[in-house]
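Visitor: Structure below; questions to follow.
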Amino acid sequence: MDKQDKILKEITQELFDLLQMKVNFTIKKEEDVFIIQFKTDEPGVLIGYHGQALAALQQMITMIAFKKLGEWVRILVDVEDYREKRKEVLERMTMNMAEKVKVSGQSQILPPMSSFERRIVHLVLANHSEVETVSEGEGEQRHVVIKRKA
């Protein structure tokens, strides 16, 4: 276990001790990203509405790690494969909406999403021959519009 692994483990354990939550977690490094995977009896508490709590948790751990290590490390926090499951849901929804645009010709407005989720939508349709995507709105109201290519 290297210094970064050790520090991340300490930070994560201390954080959940302070929160008085019992969680099991593993940390693995894939390329240049540390993935912290949680298992808990209360996954919804850690995930929050559309992953907002998960994003906040990831940001806190990242900032504390920066303070302790003196350098930025890429960290991805996940709870019981939420991110992968959410990605699959977004991919299916995006393809269904793209089909609606192709058939009806009417643009489809997706609900507000995080930058992580909007990126997934854009990537799914990046090479599509008939539709394109554009992000619109500000802050928490930022969303993707799927429309026919001009």
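Each chain of the structure tokens is named A, B, ... in the order shown, its residues numbered from 1; ligands are numbered from 1 in display order.
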From region 34-147 of chain A, collect each residue whose DSSP state is strand (DSSP E or B) and return the set as a ChimeraX atom specification.
Guide: /A:34-39,74-79,108-109,131-136,143-147
Visitor: Include C-alpha atoms and write out the residues we just selected as an mmCIF file, in the first residue's frame.
Guide:
```
data_model
loop_
_atom_site.group_PDB
_atom_site.id
_atom_site.type_symbol
_atom_site.label_atom_id
_atom_site.label_comp_id
_atom_site.auth_asym_id
_atom_site.auth_seq_id
_atom_site.Cartn_x
_atom_site.Cartn_y
_atom_site.Cartn_z
ATOM 1 C CA PHE A 34 -8.444 6.050 -7.110
ATOM 2 C CA ILE A 35 -11.839 4.361 -6.955
ATOM 3 C CA ILE A 36 -13.460 4.208 -3.540
ATOM 4 C CA GLN A 37 -16.303 1.698 -3.618
ATOM 5 C CA PHE A 38 -18.753 1.655 -0.682
ATOM 6 C CA LYS A 39 -21.043 -1.059 0.597
ATOM 7 C CA ARG A 74 -8.213 11.912 -9.028
ATOM 8 C CA ILE A 75 -10.813 10.174 -6.913
ATOM 9 C CA LEU A 76 -14.043 8.501 -7.985
ATOM 10 C CA VAL A 77 -16.498 7.590 -5.239
ATOM 11 C CA ASP A 78 -19.182 4.995 -5.919
ATOM 12 C CA VAL A 79 -21.816 3.234 -3.836
ATOM 13 C CA GLN A 108 -36.538 16.664 -26.651
ATOM 14 C CA ILE A 109 -35.493 18.435 -23.452
ATOM 15 C CA VAL A 131 -29.475 14.077 -34.082
ATOM 16 C CA GLU A 132 -27.219 16.309 -32.016
ATOM 17 C CA THR A 133 -27.069 17.458 -28.421
ATOM 18 C CA VAL A 134 -26.598 20.838 -26.820
ATOM 19 C CA SER A 135 -26.446 21.854 -23.153
ATOM 20 C CA GLU A 136 -28.607 24.786 -22.108
ATOM 21 C CA HIS A 143 -29.885 20.322 -19.123
ATOM 22 C CA VAL A 144 -29.403 18.662 -22.508
ATOM 23 C CA VAL A 145 -31.562 19.215 -25.562
ATOM 24 C CA ILE A 146 -31.579 16.530 -28.265
ATOM 25 C CA LYS A 147 -32.528 17.895 -31.691
#
```
Visitor: May I ask which of the residues A:Gly51, A:Gly70, A:Gly105, A:Pro111 is the closest one to Arg142 (chain A), counting only C-alpha atoms?
Guide: A:Pro111
Visitor: What separation in Å, quoted to one decimal, exists between CA of Glu80 (chain A) and CA of Leu110 (chain A)?
Guide: 25.5 Å
Visitor: Interatomic distance between CA of Lys28 (chain A) and CA of Asp5 (chain A)?
Guide: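 Going from CA of Lys28 (chain A) over to CA of Asp5 (chain A), I get 8.1 Å.
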Visitor: Would you list, as a ChimeraX atom specification, the residues of region 2-150 of chain A that end up in helix (DSSP H, G or I) under DSSP run on this structure's backbone?
Guide: /A:3-19,43-47,49-69,82-104,115-124,139-141
Visitor: Just to confirm, what's the straight-line distance from CA of Met97 (chain A) to CA of Arg119 (chain A) in Å (one decimal)?
Guide: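 Going from CA of Met97 (chain A) over to CA of Arg119 (chain A) covers 15.7 Å.
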Visitor: Check the smallest atom-to-atom distance from each of A:Asp81, A:Asp17, A:Glu71, A:Glu99 to Ser129 (chain A) using only C-alpha atoms, then report the winner.
Guide: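 For Ser129 (chain A), the nearest of the given residues is A:Glu99.
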Visitor: Write out as number ranges by chain each polymer residue whose atoms come within 12 Å of Glu10 (chain A), counting only C-alpha atoms; drop sequence neighbours fewer than 4 positions from it.
Guide: A: 3-6, 14-17, 25-27, 61, 64-65, 68
Visitor: Can you tell me which residues surround Glu88 (chain A) at a distance of at most 12 Å, considering only C-alpha atoms, apart from same-chain residues fewer than 4 positions away, and format the answer as a list in words?
Guide: Asp81, Tyr82, Arg83, Glu84, Arg92, Met93, Thr94, Met95, Glu117, Ile120, Val121 and Val124 of chain A
Visitor: Output C-alpha atoms of each residue in that selection to a file, as a PDB file, in the first residue's frame.
Guide:
```
ATOM      1  CA  ASP A  81     -22.093   0.444  -8.535  1.00  0.00           C
ATOM      2  CA  TYR A  82     -24.567   3.368  -8.614  1.00  0.00           C
ATOM      3  CA  ARG A  83     -22.537   5.227 -11.245  1.00  0.00           C
ATOM      4  CA  GLU A  84     -22.479   2.281 -13.659  1.00  0.00           C
ATOM      5  CA  ARG A  92     -31.106   3.887 -22.653  1.00  0.00           C
ATOM      6  CA  MET A  93     -33.055   7.098 -22.020  1.00  0.00           C
ATOM      7  CA  THR A  94     -30.834   9.008 -24.458  1.00  0.00           C
ATOM      8  CA  MET A  95     -31.319   6.465 -27.239  1.00  0.00           C
ATOM      9  CA  GLU A 117     -24.523  12.890 -16.535  1.00  0.00           C
ATOM     10  CA  ILE A 120     -22.713  10.683 -20.851  1.00  0.00           C
ATOM     11  CA  VAL A 121     -25.649  11.942 -22.970  1.00  0.00           C
ATOM     12  CA  VAL A 124     -23.857   8.513 -26.510  1.00  0.00           C
TER      13      VAL A 124
END
```
